[in-house]
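A quick write-up on the structure given underneath.
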Amino acid sequence: MLNEFKTFIMKGNVLDLAVAVIIGAAFGGIVSSAVNDVIMPPIGLLLGNIDFKDLFVSLTDQSFPTLAAAQAAGAPVIAYGQFLNTVVNFLIIAAVIFMVVRTANQMQKPAPAAAPATKDCPFCCSPVPIPATRCPHCTSQFTS
C-alpha cells in the first residue's frame, strides 16, 4: 500500500497540481497587496480621500467612525469596501489567468492532420479502404 501511495504521489499530474496551488497562493498574495497598497489608494484619492477598506454600512442604529470600531463593538455591518477590494483582486487574477491560457494556447502547435484511411471509388464514388483492390459497393476492380 505504501508503494502504491508513493507511485500515486510521484505521478506528474499530482506534482504539477501541488506546484500550481503553491504558486497560485503566492500570486494571490501579490495581487492582494497590489490591489490594497497600489491600485485602490489612488482611486480612493481621486474619489475624495476614501479608504475602500473602511467603507461599511452599520446594520444597527448606532454610527461608528471606522469599520474597526464597529467590529470591536460587535455591531453587524456590511463591509462593502472590502468586497470591492476582493472584486478587484478577482478581476486582476482572472485577467492574468486569461492571458496565460491564451498565450499557452497560441504556443501549442496544431495536431498534424491524420492520413486518409479511405479513397473514393472512381466508378460509384463510395469510400473504400486504401489497400482495397476491388470496390465492395459496385465490385469494380481498381487498376492502381
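Following the order of the C-alpha cells, first chain is A, next is B, and so on, with residues numbered from 1 inside each chain and ligands from 1 in the order they appear.
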Within 10 Å of Ser126 (chain A) using only C-alpha atoms, minus same-chain residues under 2 positions, as a VMD selection string: chain A and resid 118 to 124 128 135 to 138
Please produce a file of those selected residues containing N, CA and C atoms, as a CSV table (one decimal), in the first residue's frame.
```csv
chain,number,residue,atom,x,y,z
A,118,THR,N,-9.3,6.2,-46.3
A,118,THR,CA,-10.1,5.7,-47.4
A,118,THR,C,-9.8,6.5,-48.7
A,119,LYS,N,-10.3,6.0,-49.8
A,119,LYS,CA,-10.2,6.7,-51.1
A,119,LYS,C,-11.6,6.5,-51.7
A,120,ASP,N,-11.9,7.3,-52.7
A,120,ASP,CA,-13.2,7.2,-53.3
A,120,ASP,C,-13.1,6.3,-54.5
A,121,CYS,N,-14.1,5.4,-54.7
A,121,CYS,CA,-14.2,4.5,-55.9
A,121,CYS,C,-14.4,5.4,-57.1
A,122,PRO,N,-13.6,5.3,-58.2
A,122,PRO,CA,-13.8,6.2,-59.3
A,122,PRO,C,-15.1,5.9,-60.1
A,123,PHE,N,-15.7,4.8,-59.8
A,123,PHE,CA,-16.9,4.4,-60.5
A,123,PHE,C,-18.2,4.8,-59.8
A,124,CYS,N,-18.3,4.5,-58.5
A,124,CYS,CA,-19.5,4.8,-57.7
A,124,CYS,C,-19.3,5.9,-56.7
A,128,VAL,N,-13.8,3.7,-49.9
A,128,VAL,CA,-13.2,2.4,-50.0
A,128,VAL,C,-11.9,2.4,-49.2
A,135,CYS,N,-13.9,-2.5,-55.3
A,135,CYS,CA,-14.9,-1.8,-54.5
A,135,CYS,C,-16.0,-2.7,-53.9
A,136,PRO,N,-16.2,-2.7,-52.6
A,136,PRO,CA,-17.2,-3.5,-52.1
A,136,PRO,C,-18.7,-3.1,-52.4
A,137,HIS,N,-18.8,-1.9,-53.0
A,137,HIS,CA,-20.2,-1.5,-53.3
A,137,HIS,C,-20.6,-1.8,-54.7
A,138,CYS,N,-19.7,-1.5,-55.7
A,138,CYS,CA,-20.1,-1.7,-57.1
A,138,CYS,C,-19.2,-2.9,-57.7
```
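Excluding Val77 (chain A) itself and same-chain residues fewer than 6 positions from it, the residues having an atom within 10 Å of it are Phe56, Val57, Ser58, Leu59, Thr60, Leu67, Ala70 and Gln71 of chain A, counting only C-alpha atoms.
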Store the residues of this selection in a file with C-alpha atoms, as a CSV table (one decimal), in the first residue's frame.
```
chain,number,residue,atom,x,y,z
A,56,PHE,CA,-19.2,49.9,5.5
A,57,VAL,CA,-22.9,50.1,6.4
A,58,SER,CA,-23.9,49.5,10.0
A,59,LEU,CA,-27.0,47.4,10.5
A,60,THR,CA,-27.8,49.0,13.8
A,67,LEU,CA,-15.1,49.6,10.4
A,70,ALA,CA,-17.9,48.8,14.6
A,71,GLN,CA,-16.3,45.3,14.6
```
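In this model, the gap between CA of Ile92 (chain A) and CA of Ile39 (chain A) comes to 10.8 Å.
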Which neighbours of Val87 (chain A) fall inside 12 Å, counting only C-alpha atoms, when residues of the same chain fewer than 4 positions from it are skipped, and could you give them as a PDB file with C-alpha atoms, in the first residue's frame?
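This is the output file out04.pdb:
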```
ATOM      1  CA  VAL A  31      -2.301  40.589  -6.247  1.00  0.00           C
ATOM      2  CA  SER A  32      -3.979  41.353  -2.903  1.00  0.00           C
ATOM      3  CA  VAL A  35      -4.850  45.997  -5.028  1.00  0.00           C
ATOM      4  CA  ASN A  36      -4.766  47.121  -1.388  1.00  0.00           C
ATOM      5  CA  MET A  40      -7.053  51.299  -4.525  1.00  0.00           C
ATOM      6  CA  PHE A  52     -12.085  51.466   0.488  1.00  0.00           C
ATOM      7  CA  TYR A  80     -18.777  46.628   1.076  1.00  0.00           C
ATOM      8  CA  GLY A  81     -15.364  48.316   0.790  1.00  0.00           C
ATOM      9  CA  GLN A  82     -13.582  45.051   1.479  1.00  0.00           C
ATOM     10  CA  PHE A  83     -15.932  43.401  -1.004  1.00  0.00           C
ATOM     11  CA  LEU A  91     -10.707  40.667 -11.859  1.00  0.00           C
ATOM     12  CA  ILE A  92      -6.924  41.079 -11.903  1.00  0.00           C
ATOM     13  CA  ILE A  93      -6.311  37.370 -11.246  1.00  0.00           C
ATOM     14  CA  ALA A  94      -8.885  36.387 -13.886  1.00  0.00           C
TER      15      ALA A  94
END
```
Test item, helix (DSSP H, G or I) assignment across region 9-92 of chain A, answer as a ChimeraX atom specification: /A:9,12-46,52-54,67-72,80-92
Could you turn the residues from that selection into a file that holds C-alpha atoms, as a CSV table (one decimal), in the first residue's frame?
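Just written: selection19.csv:
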```
chain,number,residue,atom,x,y,z
A,9,ILE,CA,2.2,10.9,-5.3
A,12,GLY,CA,3.3,14.1,-12.9
A,13,ASN,CA,-0.2,15.4,-12.5
A,14,VAL,CA,-0.1,15.4,-8.7
A,15,LEU,CA,3.2,17.2,-8.6
A,16,ASP,CA,2.0,19.7,-11.2
A,17,LEU,CA,-1.1,20.4,-9.2
A,18,ALA,CA,0.8,20.8,-6.0
A,19,VAL,CA,3.1,23.3,-7.6
A,20,ALA,CA,0.2,25.2,-9.2
A,21,VAL,CA,-1.6,25.5,-5.8
A,22,ILE,CA,1.5,26.9,-4.1
A,23,ILE,CA,2.3,29.3,-6.9
A,24,GLY,CA,-1.4,30.3,-7.1
A,25,ALA,CA,-1.5,31.1,-3.4
A,26,ALA,CA,1.7,33.2,-3.6
A,27,PHE,CA,0.3,35.0,-6.7
A,28,GLY,CA,-2.9,35.7,-4.8
A,29,GLY,CA,-1.0,37.4,-2.0
A,30,ILE,CA,0.9,39.5,-4.5
A,31,VAL,CA,-2.3,40.6,-6.2
A,32,SER,CA,-4.0,41.4,-2.9
A,33,SER,CA,-1.1,43.6,-2.0
A,34,ALA,CA,-1.1,45.3,-5.4
A,35,VAL,CA,-4.8,46.0,-5.0
A,36,ASN,CA,-4.8,47.1,-1.4
A,37,ASP,CA,-1.5,49.0,-1.5
A,38,VAL,CA,-1.1,50.3,-5.1
A,39,ILE,CA,-4.4,50.3,-7.0
A,40,MET,CA,-7.1,51.3,-4.5
A,41,PRO,CA,-5.3,54.2,-2.7
A,42,PRO,CA,-5.0,56.4,-5.9
A,43,ILE,CA,-8.6,55.5,-6.7
A,44,GLY,CA,-9.6,56.5,-3.2
A,45,LEU,CA,-7.6,59.7,-3.5
A,46,LEU,CA,-9.4,60.6,-6.8
A,52,PHE,CA,-12.1,51.5,0.5
A,53,LYS,CA,-11.2,49.1,3.3
A,54,ASP,CA,-13.2,51.3,5.7
A,67,LEU,CA,-15.1,49.6,10.4
A,68,ALA,CA,-12.6,48.5,13.1
A,69,ALA,CA,-14.6,50.4,15.7
A,70,ALA,CA,-17.9,48.8,14.6
A,71,GLN,CA,-16.3,45.3,14.6
A,72,ALA,CA,-14.8,46.0,18.0
A,80,TYR,CA,-18.8,46.6,1.1
A,81,GLY,CA,-15.4,48.3,0.8
A,82,GLN,CA,-13.6,45.1,1.5
A,83,PHE,CA,-15.9,43.4,-1.0
A,84,LEU,CA,-14.9,45.9,-3.7
A,85,ASN,CA,-11.2,45.2,-3.0
A,86,THR,CA,-12.0,41.4,-3.3
A,87,VAL,CA,-13.8,42.0,-6.6
A,88,VAL,CA,-10.8,44.0,-8.0
A,89,ASN,CA,-8.5,41.2,-6.8
A,90,PHE,CA,-10.6,38.6,-8.7
A,91,LEU,CA,-10.7,40.7,-11.9
A,92,ILE,CA,-6.9,41.1,-11.9
```
Straight-line distance linking CA of Ala114 (chain A) with CA of Pro129 (chain A), stated in Å to one decimal: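 Going from CA of Ala114 (chain A) over to CA of Pro129 (chain A), I get 14.6 Å.
CA of Gln62 (chain A) is found 15.4 Å from CA of Ala79 (chain A).
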Closest of A:Val96, A:Ala132, A:Ile78, A:Cys125 to Leu55 (chain A) - atom-to-atom distances counting only C-alpha atoms: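 Of the candidates, the smallest distance to Leu55 (chain A) is held by A:Ile78.
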